[in-house]
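**Q** Just passing along the structure, written as structure tokens.
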Amino acid sequence: MDFSMDNVTIFTHPLIQHKISILRDKRTGTNEFRALIEEIAMLMGFEALRDLPLQDVEVETPIETCMTPMIAGKKMAVVPILRAGLGMVNGILALVPSAKVGHIGLYRDEVTHEPHEYYCKLPSPIEQRTIVVTDPMLATGGSAVAAVDFIKQHGGRNIKFMAIIAAPEGLKRLQESHPDIQIYIGHLDRQLNENAYICPGLGDAGDRIFGTK
Ligand code: URA
């Protein structure tokens with residue numbers, strides 16, 4: 001499957017790859033799984049946020065007064081896609097504690113696998129913020145496309161999408177539907193199976209984060 005890589009970053013950092021391998025292991029329990037999802041989100045976020053705008057502010061050090069850069073303006077919003085996306089939020093907040101958090105609730109029709117919205121609450125003014133949408137699994141791309149659609153309808157412009165594992169099918173769909181957003185992927189897996197699970201994947205990310213089944 002071919003897609004242009006212009007707006008996609010696929011991480012090759014050994015720490016991210018190592019942690020994803022532990023996530024995949026079915027013996028990894030809920031506590032460790034949850035902690036790893038957060039850590040990987042933080043490591044990915046560090047790179048994804050490298051273009052946050054800076055402005056010089058005056059600071060008095062113990063030695064003298066200087067102008068020094070700080071994050072400018074209305075900063076950021078993290079918008080997890082419920083529910084698995086919640087697992088990545090604290091990793092981003094560790095980097096930008098002042099970020100606001102919106103939520104988008106979508107459920108997947110079990111037959112068509114298409115997303116339906118049941119909740120959407122975004123911080124305002126959304127149009128002035130860098131928005132990081134989180135979902136650990138970019139599978140069919142249906143939820144990701146719908147979430148970005150909603151955010152754009154509410155005025156969001158500077159949108160980044162972050163997934164820990166993606167299927168080629170979902171990445172292609174998201175790229176084609178929203179070529180203007182930046183996409184960050186921890187690992188690109190082989191394919192979807194007939195139930196729209198990513199192979200080899202890690203199973204149901206929401207169930208593994210929250211210990212449900
Ligand atoms: N959602 C998941 O949690 N896992 C998959 O493999 C696909 C979608």
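In the structure tokens, chains take letters A, B, ... by order of appearance, with residues numbered from 1 within each chain and ligands from 1 in the order shown.
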Identify, counting only C-alpha atoms and all ligand atoms, the protein, DNA and RNA residues located within 12 Å of ligand 1, and give them as a ChimeraX atom specification.

**A** /A:23-24,81-85,87,107-108,110,113-115,135-144,163-167,169-170,189-210,212-213

**Q** Just the residues within 10 Å of Ala72 (chain A), please, counting only C-alpha atoms, with nothing from its chain fewer than 2 positions along; format it as a PDB file with all heavy atoms, in the first residue's frame.

**A**
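Generated output (around-v1.pdb):
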ATOM      1  N   LEU A  52       6.035  24.018  18.584  1.00  0.00           N
ATOM      2  CA  LEU A  52       5.245  24.949  19.414  1.00  0.00           C
ATOM      3  C   LEU A  52       5.897  26.333  19.347  1.00  0.00           C
ATOM      4  O   LEU A  52       7.110  26.457  19.504  1.00  0.00           O
ATOM      5  CB  LEU A  52       5.219  24.488  20.882  1.00  0.00           C
ATOM      6  CG  LEU A  52       4.202  23.427  21.283  1.00  0.00           C
ATOM      7  CD1 LEU A  52       4.327  23.121  22.770  1.00  0.00           C
ATOM      8  CD2 LEU A  52       2.780  23.840  20.943  1.00  0.00           C
ATOM      9  N   PRO A  53       5.089  27.376  19.137  1.00  0.00           N
ATOM     10  CA  PRO A  53       5.681  28.715  18.997  1.00  0.00           C
ATOM     11  C   PRO A  53       6.243  29.241  20.319  1.00  0.00           C
ATOM     12  O   PRO A  53       5.675  29.014  21.388  1.00  0.00           O
ATOM     13  CB  PRO A  53       4.502  29.581  18.526  1.00  0.00           C
ATOM     14  CG  PRO A  53       3.280  28.830  18.915  1.00  0.00           C
ATOM     15  CD  PRO A  53       3.632  27.376  18.964  1.00  0.00           C
ATOM     16  N   LEU A  54       7.355  29.949  20.203  1.00  0.00           N
ATOM     17  CA  LEU A  54       8.023  30.537  21.374  1.00  0.00           C
ATOM     18  C   LEU A  54       7.946  32.058  21.304  1.00  0.00           C
ATOM     19  O   LEU A  54       7.859  32.636  20.216  1.00  0.00           O
ATOM     20  CB  LEU A  54       9.498  30.132  21.394  1.00  0.00           C
ATOM     21  CG  LEU A  54       9.806  28.660  21.659  1.00  0.00           C
ATOM     22  CD1 LEU A  54      11.275  28.369  21.397  1.00  0.00           C
ATOM     23  CD2 LEU A  54       9.445  28.282  23.087  1.00  0.00           C
ATOM     24  N   GLN A  55       7.975  32.690  22.464  1.00  0.00           N
ATOM     25  CA  GLN A  55       8.184  34.142  22.482  1.00  0.00           C
ATOM     26  C   GLN A  55       9.152  34.457  23.617  1.00  0.00           C
ATOM     27  O   GLN A  55       9.151  33.781  24.652  1.00  0.00           O
ATOM     28  CB  GLN A  55       6.863  34.897  22.658  1.00  0.00           C
ATOM     29  CG  GLN A  55       6.243  34.740  24.015  1.00  0.00           C
ATOM     30  CD  GLN A  55       4.867  35.409  24.108  1.00  0.00           C
ATOM     31  OE1 GLN A  55       4.253  35.766  23.123  1.00  0.00           O
ATOM     32  NE2 GLN A  55       4.394  35.556  25.334  1.00  0.00           N
ATOM     33  N   ASP A  56       9.969  35.489  23.399  1.00  0.00           N
ATOM     34  CA  ASP A  56      10.927  35.874  24.435  1.00  0.00           C
ATOM     35  C   ASP A  56      10.217  36.634  25.551  1.00  0.00           C
ATOM     36  O   ASP A  56       9.400  37.517  25.292  1.00  0.00           O
ATOM     37  CB  ASP A  56      12.028  36.756  23.826  1.00  0.00           C
ATOM     38  CG  ASP A  56      13.097  35.891  23.156  1.00  0.00           C
ATOM     39  OD1 ASP A  56      13.123  34.672  23.438  1.00  0.00           O
ATOM     40  OD2 ASP A  56      13.881  36.426  22.365  1.00  0.00           O
ATOM     41  N   VAL A  57      10.511  36.241  26.781  1.00  0.00           N
ATOM     42  CA  VAL A  57       9.967  36.964  27.942  1.00  0.00           C
ATOM     43  C   VAL A  57      11.145  37.388  28.830  1.00  0.00           C
ATOM     44  O   VAL A  57      12.229  36.804  28.758  1.00  0.00           O
ATOM     45  CB  VAL A  57       8.996  36.081  28.766  1.00  0.00           C
ATOM     46  CG1 VAL A  57       7.781  35.702  27.953  1.00  0.00           C
ATOM     47  CG2 VAL A  57       9.698  34.840  29.291  1.00  0.00           C
ATOM     48  N   PRO A  69      13.253  32.408  25.953  1.00  0.00           N
ATOM     49  CA  PRO A  69      12.046  31.936  25.262  1.00  0.00           C
ATOM     50  C   PRO A  69      11.122  31.090  26.133  1.00  0.00           C
ATOM     51  O   PRO A  69      11.582  30.247  26.914  1.00  0.00           O
ATOM     52  CB  PRO A  69      12.600  31.099  24.106  1.00  0.00           C
ATOM     53  CG  PRO A  69      13.976  30.717  24.506  1.00  0.00           C
ATOM     54  CD  PRO A  69      14.479  31.734  25.478  1.00  0.00           C
ATOM     55  N   MET A  70       9.812  31.330  25.985  1.00  0.00           N
ATOM     56  CA  MET A  70       8.794  30.477  26.606  1.00  0.00           C
ATOM     57  C   MET A  70       7.700  30.210  25.578  1.00  0.00           C
ATOM     58  O   MET A  70       7.563  30.957  24.608  1.00  0.00           O
ATOM     59  CB  MET A  70       8.209  31.148  27.852  1.00  0.00           C
ATOM     60  CG  MET A  70       9.215  31.232  28.988  1.00  0.00           C
ATOM     61  SD  MET A  70       8.493  31.767  30.535  1.00  0.00           S
ATOM     62  CE  MET A  70       7.792  30.263  31.136  1.00  0.00           C
ATOM     63  N   LYS A  74      -1.861  30.776  23.183  1.00  0.00           N
ATOM     64  CA  LYS A  74      -2.897  29.915  23.764  1.00  0.00           C
ATOM     65  C   LYS A  74      -2.495  28.457  23.827  1.00  0.00           C
ATOM     66  O   LYS A  74      -3.324  27.565  23.896  1.00  0.00           O
ATOM     67  CB  LYS A  74      -4.179  30.040  22.935  1.00  0.00           C
ATOM     68  CG  LYS A  74      -5.002  31.240  23.299  1.00  0.00           C
ATOM     69  CD  LYS A  74      -5.806  30.991  24.562  1.00  0.00           C
ATOM     70  CE  LYS A  74      -6.604  32.230  24.913  1.00  0.00           C
ATOM     71  NZ  LYS A  74      -6.976  32.270  26.328  1.00  0.00           N
ATOM     72  N   LYS A  75      -1.269  28.158  23.686  1.00  0.00           N
ATOM     73  CA  LYS A  75      -0.723  26.824  23.900  1.00  0.00           C
ATOM     74  C   LYS A  75      -1.547  25.715  23.237  1.00  0.00           C
ATOM     75  O   LYS A  75      -1.848  25.790  22.065  1.00  0.00           O
ATOM     76  CB  LYS A  75      -0.532  26.583  25.388  1.00  0.00           C
ATOM     77  CG  LYS A  75       0.380  27.623  26.034  1.00  0.00           C
ATOM     78  CD  LYS A  75       0.981  27.136  27.327  1.00  0.00           C
ATOM     79  CE  LYS A  75       1.898  28.179  27.922  1.00  0.00           C
ATOM     80  NZ  LYS A  75       1.300  28.933  29.002  1.00  0.00           N
TER      81      LYS A  75
END

**Q** Tell me, as a ChimeraX atom specification, which residues lie within 8 Å of region 36-41 of chain A, counting only C-alpha atoms; anything in the same chain fewer than 4 positions away does not count.

**A** /A:16,19-20,23,32,45,87-92,136,164

**Q** Next, write the just-selected residues to a file, as an mmCIF file, in the first residue's frame, keeping N, CA and C atoms as the atom set.

**A**
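Saved the output as part31.cif:
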data_model
loop_
_atom_site.group_PDB
_atom_site.id
_atom_site.type_symbol
_atom_site.label_atom_id
_atom_site.label_comp_id
_atom_site.auth_asym_id
_atom_site.auth_seq_id
_atom_site.Cartn_x
_atom_site.Cartn_y
_atom_site.Cartn_z
ATOM 1 N N ILE A 16 11.222 3.809 22.022
ATOM 2 C CA ILE A 16 9.807 3.688 21.638
ATOM 3 C C ILE A 16 9.539 2.275 21.113
ATOM 4 N N LYS A 19 9.497 -0.261 24.016
ATOM 5 C CA LYS A 19 8.294 -0.169 24.859
ATOM 6 C C LYS A 19 7.065 -0.699 24.108
ATOM 7 N N ILE A 20 7.010 -0.479 22.797
ATOM 8 C CA ILE A 20 5.882 -1.016 22.021
ATOM 9 C C ILE A 20 5.916 -2.550 22.031
ATOM 10 N N LEU A 23 4.342 -3.689 25.112
ATOM 11 C CA LEU A 23 2.884 -3.514 25.010
ATOM 12 C C LEU A 23 2.234 -4.680 24.265
ATOM 13 N N GLU A 32 1.357 -2.135 34.027
ATOM 14 C CA GLU A 32 2.521 -1.878 33.180
ATOM 15 C C GLU A 32 2.072 -1.340 31.822
ATOM 16 N N GLY A 45 5.283 12.729 22.015
ATOM 17 C CA GLY A 45 4.865 14.131 22.151
ATOM 18 C C GLY A 45 6.035 15.093 22.120
ATOM 19 N N GLY A 87 -5.682 7.098 27.653
ATOM 20 C CA GLY A 87 -4.455 6.534 28.202
ATOM 21 C C GLY A 87 -3.211 7.327 27.834
ATOM 22 N N MET A 88 -3.286 8.126 26.769
ATOM 23 C CA MET A 88 -2.115 8.877 26.313
ATOM 24 C C MET A 88 -2.062 10.292 26.881
ATOM 25 N N VAL A 89 -3.156 10.742 27.496
ATOM 26 C CA VAL A 89 -3.269 12.159 27.885
ATOM 27 C C VAL A 89 -2.200 12.561 28.893
ATOM 28 N N ASN A 90 -2.010 11.767 29.940
ATOM 29 C CA ASN A 90 -1.054 12.180 30.985
ATOM 30 C C ASN A 90 0.377 12.263 30.467
ATOM 31 N N GLY A 91 0.682 11.469 29.460
ATOM 32 C CA GLY A 91 2.014 11.544 28.850
ATOM 33 C C GLY A 91 2.246 12.908 28.213
ATOM 34 N N ILE A 92 1.222 13.445 27.565
ATOM 35 C CA ILE A 92 1.350 14.774 26.928
ATOM 36 C C ILE A 92 1.314 15.864 28.006
ATOM 37 N N PRO A 136 -4.466 5.346 20.702
ATOM 38 C CA PRO A 136 -3.307 4.450 20.558
ATOM 39 C C PRO A 136 -3.343 3.635 19.270
ATOM 40 N N ILE A 164 -0.105 5.102 18.601
ATOM 41 C CA ILE A 164 1.071 4.292 18.938
ATOM 42 C C ILE A 164 1.286 3.204 17.884
#

**Q** Looking at A:His116, A:Leu95, A:Val8, A:Ile126, which one is nearest to Asp180 (chain A), with distances taken over only C-alpha atoms?

**A** A:Val8

**Q** So which one's closest to Asp6 (chain A), A:Pro179, A:Gly211, A:Gly105, A:Pro62? Using only C-alpha atoms, please.

**A**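 Counting only C-alpha atoms, the residue closest to Asp6 (chain A) is A:Pro179.
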
**Q** Select, from A:Val132, A:Ile181, A:Ala94, A:Leu171, the residue with the minimum atom-to-atom distance to Ala48 (chain A), counting only C-alpha atoms.

**A**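 Looking only at the distances to Ala48 (chain A), the closest residue turns out to be A:Val132.
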
**Q** Kindly give the distance, in Å, that separates CA of Arg27 (chain A) and CA of His13 (chain A), rounded to a single decimal.

**A**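 These two atoms are separated by 23.6 Å.
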
**Q** Assign secondary structure with DSSP using the backbone only, and return the residues of region 61-187 of chain A in alpha helix (DSSP H) as a VMD selection string.

**A** chain A and resid 89 to 95 142 to 153 168 to 177

**Q** Check the DSSP output for the backbone and give back, as an MDAnalysis selection string, the residues of region 39-140 of chain A in strand (DSSP E or B).

**A** chainID A and resid 54:60 65:71 76:82 100:101 103:108 115:121 130:134 137:138

**Q** Give the answer as one residue: which of A:Thr12, A:Ile22, A:Gln17, A:Gly186 has the shortest atom-to-atom distance to Ala35 (chain A), using only C-alpha atoms?

**A**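 Nearest candidate to Ala35 (chain A) out of A:Thr12, A:Ile22, A:Gln17, A:Gly186: A:Ile22.
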
**Q** Need the shell around Ile10 (chain A): protein/DNA/RNA residues with any atom at most 7 Å away, counting only C-alpha atoms. Skip same-chain ones fewer than 6 positions apart. Format as a ChimeraX atom specification?

**A** /A:184-187

**Q** Next, write the just-selected residues to a file, as a tab-separated table (two decimals), in the first residue's frame, keeping C-alpha atoms as the atom set.

**A**
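Output file again.tsv is given in full below:
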chain	number	residue	atom	x	y	z
A	184	TYR	CA	2.70	10.69	14.34
A	185	ILE	CA	2.90	6.88	14.48
A	186	GLY	CA	4.91	4.75	16.91
A	187	HIS	CA	4.92	1.70	14.63
